[in-house]
Each structure stands twice: as C-alpha cells, then as structure tokens.
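Colleague: Shown below is the structure under consideration.
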Amino acid sequence: MSSQFWKPGTEKPRILEDEEGGVIFLSNSLSSSSSEKQRQRLPVYKYRNAILYLVESHGTTIIVGETGCGKSTQIPQYLIEAGWGHGGRLIGCTQPRRLAVQAVASRVAQEMGVQLGEEVGYTIRFEDVTKPDVTVLKFLTDGVLLREMMDDPLLTKYSVIMVDEAHERSISTDILLGLLKKIQRRRPELRLIIASATIEAKSMSDFFRVRKKRREPENEDSQLQLEPAILSVEGRSFNVQINYAEEPVQDYVQAVVSTVLSIHEKESTGDVLVFLTGQDDIDAAIHLLNEEVQNNGKRSSGLVLLPLYSGLPRAEQELVFSPTPRGKRKVVVSTNIAETSLTLEGIVYVVDSGFSKQRFYNPVSDIENLVVAPISRASARQRAGRAGRVRPGKCYRLYTEEYFLNQMPNDGIPEIQRSNLVSCVIQLKALGIDNILGFDWPASPSPEAMIRALEVLYSLGVLDDDAKLTSPIGFQVAEVPLDPMIAKMIIASNQFGCSEEIITIAAVLSIQSIWISGRGIQKESDEAKLRFAAAEGDHVTFLNVYKGFLQSSKSSQWCHKNYVNYQAMRKVIEVRQQLKRIAHRIGIVLKSCESDMQAVRKAVTAGFFANACSLEP
Ligand code: ADP
Ligand code: MG
C-alpha cells in the first residue's frame with residue numbers, strides 16, 4: 001500500500017501506475033447474447049460447476065469472493081439452471097438491505113429476460129413482488145425471511161437459501177444463521193449458501209460444523225456432507241493507490257466537495273464513488289457540489305451528481321446504474337450500501353470519509369441511537385477496493401495514515417452486540433425458541449441487553465411470568481412487523497377507538513422522515529413544521545400533516561410548499577394500507593376517534609410508556 005500523503009485541494013499525488021487497459025465497460029440493457037457473454041466474463045463463472053457440485057454434495061457451502069465477482073446475481077441463476085427451482089421449489093437469496101434486494105432482483109430479471117415479479121421476484125417489508133407458483137427465485141431481506149418462519153418454521157418451500165453479505169453481520173443475518181442451522185438438523189435436504197465478501201470463512205465454517213459428539217438424527221441422504229465446504233473465488237482487481245489526508249479533516253462534507261472537484265480537475269476519465277454516512281450529509285454534499293457547478297461552471301462542467309441511499313425513489317436508484325454519458329464524469333455519493341452490497345460499474349476514484357451510520361445501544365439507559373461513527377479498517381479496505389474494478393484506481397481517504405494504522409478499529413462489532421434486542425427476542429419467542437440465552441448465536445449478544453429486552457417485553461404485557469408469549473397480546477404484537485412498542489400502540493388503539501389515527505402514526509414512524517431537510521433550508525423547514533405543530537406533540541403533528549396531504553388530494557406541490565417529502569408521504573399511504581390489512585388480521589376494528597386526541601394519546605402511551613418520565617419541580 002502506498003503511503004503517500006495528500007491533502008484535499010493541494011497538488012495531485014504522483015501517479016504510481018500506468019493506466020493502460022483502462023477500458024470502461026458500461027452497459028445496462030444489452031441484447032441477450034451479449035448479456036450472456038458479459039455473464040461469462042465474471043470471475044464467478046469459472047467456478048460455476050464447482051459451486052453446483054458443492055451445493056449438491058454439502059449441506060452448507062461458504063462462498064467468499066470480492067465484491068462484484070458475481071455472487072449475488074450469478075449464483076442464484078446457476079441454481080435455477082441446475083434445477084433447484086423445479087417442482088414448485090423456491091430458491092431464496094437474502095440481503096441485509098432493502099435497496100440491495102430490489103436492485104439485485106431487477107438486475108437478475110433483466111439478465112434472464114423476464115419480467116420482475118414473475119420467475120424472479122422480491123419481498124421486502126411492506127412490498128411483495130412475487131407470484132405464487134411462478135416465482136422460482138426470490139430475493140428478500142433477512143428480516144422478511146425471519147417473518148416467513150412464523151408461518152412456515154422449517155421454510156419448506158425453499159430448496160436452497162443463500163444468505164448473502166454475511167460479513168456485514170447484521171442483526172437479522174445473525175439470527176437467521178442461528179435458525180437456519182437449527183432447521184438444517186430437521187431438514188438436511190435444505191441447502192445453505194453463505195456468501196460474503198470478506199468473511200472470516202473459518203469462523204463461519206466452525207459455526208456450521210455439525211458437532212459429532214451429539215447424536216444427530218440419521219442422515220438419510222448419505223451422500224450429503226455435513227462438513228461445510230468453503231470456496232474462494234479468485235477475483236481480478238487492479239492496484240488501488242491510497243492517498244491519505246495530511247491532517248485530520250474538520251468538516252468531511254466540505255472535504256468531500258473539494259476532493260471531488262480536485263479529482264475532476266486533475267485526473268483522467270473515470271467515475272467517482274464517495275462514501276458518506278446518510279441522506280443528510282449526502283444531500284448536503286450534492287447541494288454544495290451543485291452550487292459549484294452553477295457558480296463556477298468551468299471547474300465542474302461535465303459532472304453528473306447522483307445520491308445513493310436507502311430512502312431514494314426507485315427512478316433515482318436506476319440512474320446510479322445507468323451508463324455515464326460520453327464526456328461526463330459520474331459522481332455517486334453513497335452510504336455504505338455501495339461498500340459491498342451494490343456494484344457500480346466504471347468507478348475509478350473512491351473518496352472515503354471514514355465514517356458510517358451505525359447503531360449503538362446502551363442497555364443501562366435503554367437508549368438506541370443511529371450515530372455517525374468511524375468505520376473499521378476492514379470497511380476502509382472494502383471501500384478502497386471499489387476503485388480497482390475496471391482498471392487501476394485511486395482512493396482518497398479523508399483521514400490520516402497514522403489514524404488508519406493506529407486508531408481505526410480492525411473489525412466492526414456484529415450488530416447484535418450493539419442493538420436493542422426487543423424485536424429479536426419477540427421473534428425468537430414467536431418461533432418457539434424459549435431458551436434465548438442458550439440460543440446458538442454466531443456471536444452472543446450481551447446478557448445486559450438481553451435482560452433489558454425481557455424486562456421491556458414483560459412490562460408491555462407481551463411476555464408472562466415464565467417469559468412465554470402472552471395470548472392474545474404477545475402473539476398479536478409478534479404478528480406486526482414493527483417495533484413491539486409501535487405494535488402495542490396499534491393493539492391498544494382498538495380499546496380506545498382510534499385505530500385509524502394510530503395506524504397513520506405507526507406508518508409515519510416506520511418511514512425515515514416525512515420532512516425535507518438539508519443545509520440551507522433549516523429555517524424554512526422549521527417554520528413549515530410549526531404550521532402543523534400540535535401541543536400534544538409529534539404524533540399528533542404527524543396526523544395534521546397526513547390530513548393536510550389528503551386534503552390537498554395528495555398533491556406534490558402542497559408537499560413542496562410545506563417542506564414535506566412527497567415520496568415519503570406516498571410511502572406512508574402505502575404502508576398504511578398494509579398495516580390496515582395486518583390490523584384486520586389480528587382482529588382490530590378500524591375506527592376513527594375524530595378529534596378526540598385524548599384517545600390517541602392514551603394509545604400512544606400504552607405502547608411507549610417506557611419512554612415516559614415525570615418532571616419534578
Ligand atoms: P457480488 O455479489 O459478487 O458483489 P454482483 O453479482 O452483485 O457481485 O455483480 C456482478 C457484476 O454484475 C458486477 O460486477 C457488475 O458488472 C454487474 N452488475 C450487477 N448489478 C448491476 C446493475 N444493476 N447494473 C449494471 N451492472 C450490474
Ligand atoms: Mg453481492
């Protein structure tokens with residue numbers, strides 16, 4: 001790794017490698033024969049038969065391969081070609097992120113020349129794009145697959161389940177791995193593929209190794225190897241020159257802007273991928289870059305600026321994957337979703353802020369926050385790797401080399417060890433797993449967080465004295481794919497006659513934010529919020545916004561005028577429809593309390609009482 005120091009805005013670093021062979025291959029919608037050729041060029045193609053052989057002969061196959069080598073889009077297609085989808089069986093492929101589920105599913109449908117939602121479909125929370133008896137390959141979030149287990153604990157519809165992005169160690173992935181291991185004991189014919197960009201393959205393999213000491217049920221399929229197989233896909237990637245900031249960076253949004261402009265000015269063609277943390281700083285960076293384009297056209301002409309984060313509307317997501325127009329330079333400003341979940345073609349330069357949004361939970365204060373925190377060295381390497389896919393590339397790290405070497409944590413902490421476990425506990429309980437502390441976790445959660453979760457669920461009336469789900473409340477809460485506190489609020493609304501209102505509130509709470517925010521418009525958007533503000537607090541404010549939106553006949557102009565996010569409101573309407581169906585299923589009568597906000601507040605408190613406090617004079 002080169003240890004050249006470089007400061008954003010200063011002279012560009014020495015070029016260490018030649019830039020021969022820098023052909024950028026960009027294509028999106030190709031005829032089927034060239035799409036076939038493109039598929040065969042992917043590194044994973046050479047392993048096609050080996051993979052199919054291992055899956056045939058082993059219960060669990062662990063596949064490790066560089067991002068972009070074809071794991072997510074190709075392996076499921078090989079499985080279809082080999083017949084794992086025949087006879088009404090289903091191939092499932094899980095992703096930790098919703099956006100990745102949609103993007104990968106639509107890419108695979110395109111490569112196969114089928115309509116998305118037919119042979120190839122996807123399911124994410126509140127959105128099911130599959131067709132029973134037609135869909136043979138289904139992409140889904142690991143959370144959705146956990147939910148499916150409530151109706152079908154052994155996942156009998158599936159012949160193969162590929163758990164993708166296992167290295168991310170999301171909380172749902174970890175729960176899923178533990179449960180799949182259990183299912184496999186009962187259903188040895190179920191094949192598992194664990195796919196990952198950087199796994200410590202050995203520890204995964206140890207986890208899935210079937211212990212000999214215990215008496216296992218007789219394995220009928222005697223050909224089947226119980227020992228997990230590990231296959232490592234040799235990728236091809238080019239050298240990436242690493243440049244560090246000379247001094248610690250004060251404002252990484254500003255540093256991103258000047259770095260992008262300096263790349264654009266001084267470097268040869270090739271797209272740029274910027275890693276920031278979330279919608280706010282991504283929008284801010286794009287806003288500043290756009291200003292630059294407007295005020296100083298020369299310096300920035302030819303820049304195509306694109307955000308990439310999970311709340312992004314579908315049409316904008318597609319732009320990110322579309323080929324860069326000739327003579328232009330695409331700059332994708334992304335969350336860490338582009339770290340390993342999505343492959344963008346044509347990236348030659350990476351700008352790494354060194355941060356991402358991460359969940360942190362403190363069981364003592366019972367507060368869970370999504371905070372901007374430093375990434376690990378493993379993540380930093382992944383990010384840099386994105387620059388070397390098509391030709392030698394460069395990565396600009398907005399932190400010092402000293403920091404990278406001596407202060408950055410080596411690996412991330414699995415999410416399960418830094419999360420609130422309330423949802424996780426209730427799901428396991430609903431699946432009949434009573435001894436949660438004794439559950440076979442890939443990484444054990446902290447006992448404090450576990451106890452705290454049990455306490456909260458007990459006080460919500462979801463668990464009884466024996467820590468079993470109560471009937472009906474416990475089972476009802478488990479049915480609702482939302483935070484148990486929100487679920488409890490919905491169930492309580494039945495008794496207070498305000499389910500219509502509460503379902504609206506629940507829908508809004510399940511959306512990231514219904515407001516338009518960003519640098520430079522803070523004042524205006526705060527003023528707009530005041531127009532809806534209610535003395536009773538945010539929940540009633542949400543109701544006012546929703547009412548206004550309906551009265552405007554769901555107008556986008558109305559949203560614009562009031563600093564309300566139109567896409568978010570459409571999503572609220574959609575989620576609300578789904579919640580109505582779920583409410584109906586668990587026996588809640590839809591009823592409006594009209595303007596009786598007292599009823600609404602009672603229902604909200606029934607769910608969120610744990611967040612209450614009293615002011616002492
Ligand atoms: P992996 O899962 O191993 O990271 P993928 O299967 O996601 O890799 O991607 C394999 C290749 O398919 C990528 O290198 C890229 O060339 C291409 N690809 C994937 N998704 C898209 C897309 N939405 N648009 C264009 N090309 C894509
Ligand atoms: Mg992938």
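Here, A, B, ... name the chains of the structure tokens in the order displayed, residue numbers run from 1 inside each chain, and ligands are numbered from 1 in the same displayed order.
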Collect all residues with atoms no farther than 9 Å from ligand 1, counting only C-alpha atoms and all ligand atoms, and output them as an NGL selection string.

Modeller: :A and (25-29 or 38-39 or 42-44 or 64-75 or 100 or 103-108 or 164-165 or 195-197 or 318 or 320-323 or 340-346 or 389)

Colleague: Pick out the residues sitting within 8 Å of Leu421 of chain A, and hand them over as an MDAnalysis selection string; count only C-alpha atoms, and ignore anything fewer than 2 positions along from it in its own chain.

Modeller: chainID A and resid 416 419 423:425 449:450 453

Colleague: Taking only C-alpha atoms and all ligand atoms into account, which of A:Gly83, A:Asp133, A:Met162, A:Ile511 comes nearest ligand 2?

Modeller: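 Of all the options, A:Met162 lies closest to ligand 2.
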
Colleague: Would you give me, as a ChimeraX atom specification, the residues in segment 161-256 of chain A that DSSP reads as strand (DSSP E or B)?

Modeller: /A:161-163,191-196,225,229-233,240-244

Colleague: Measuring between only C-alpha atoms, which one of A:Gln358, A:Gln225, A:Asn295, A:Gln317 shows the shortest distance to Ser57 of chain A?

Modeller: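 Nearest to Ser57 of chain A: A:Gln225.
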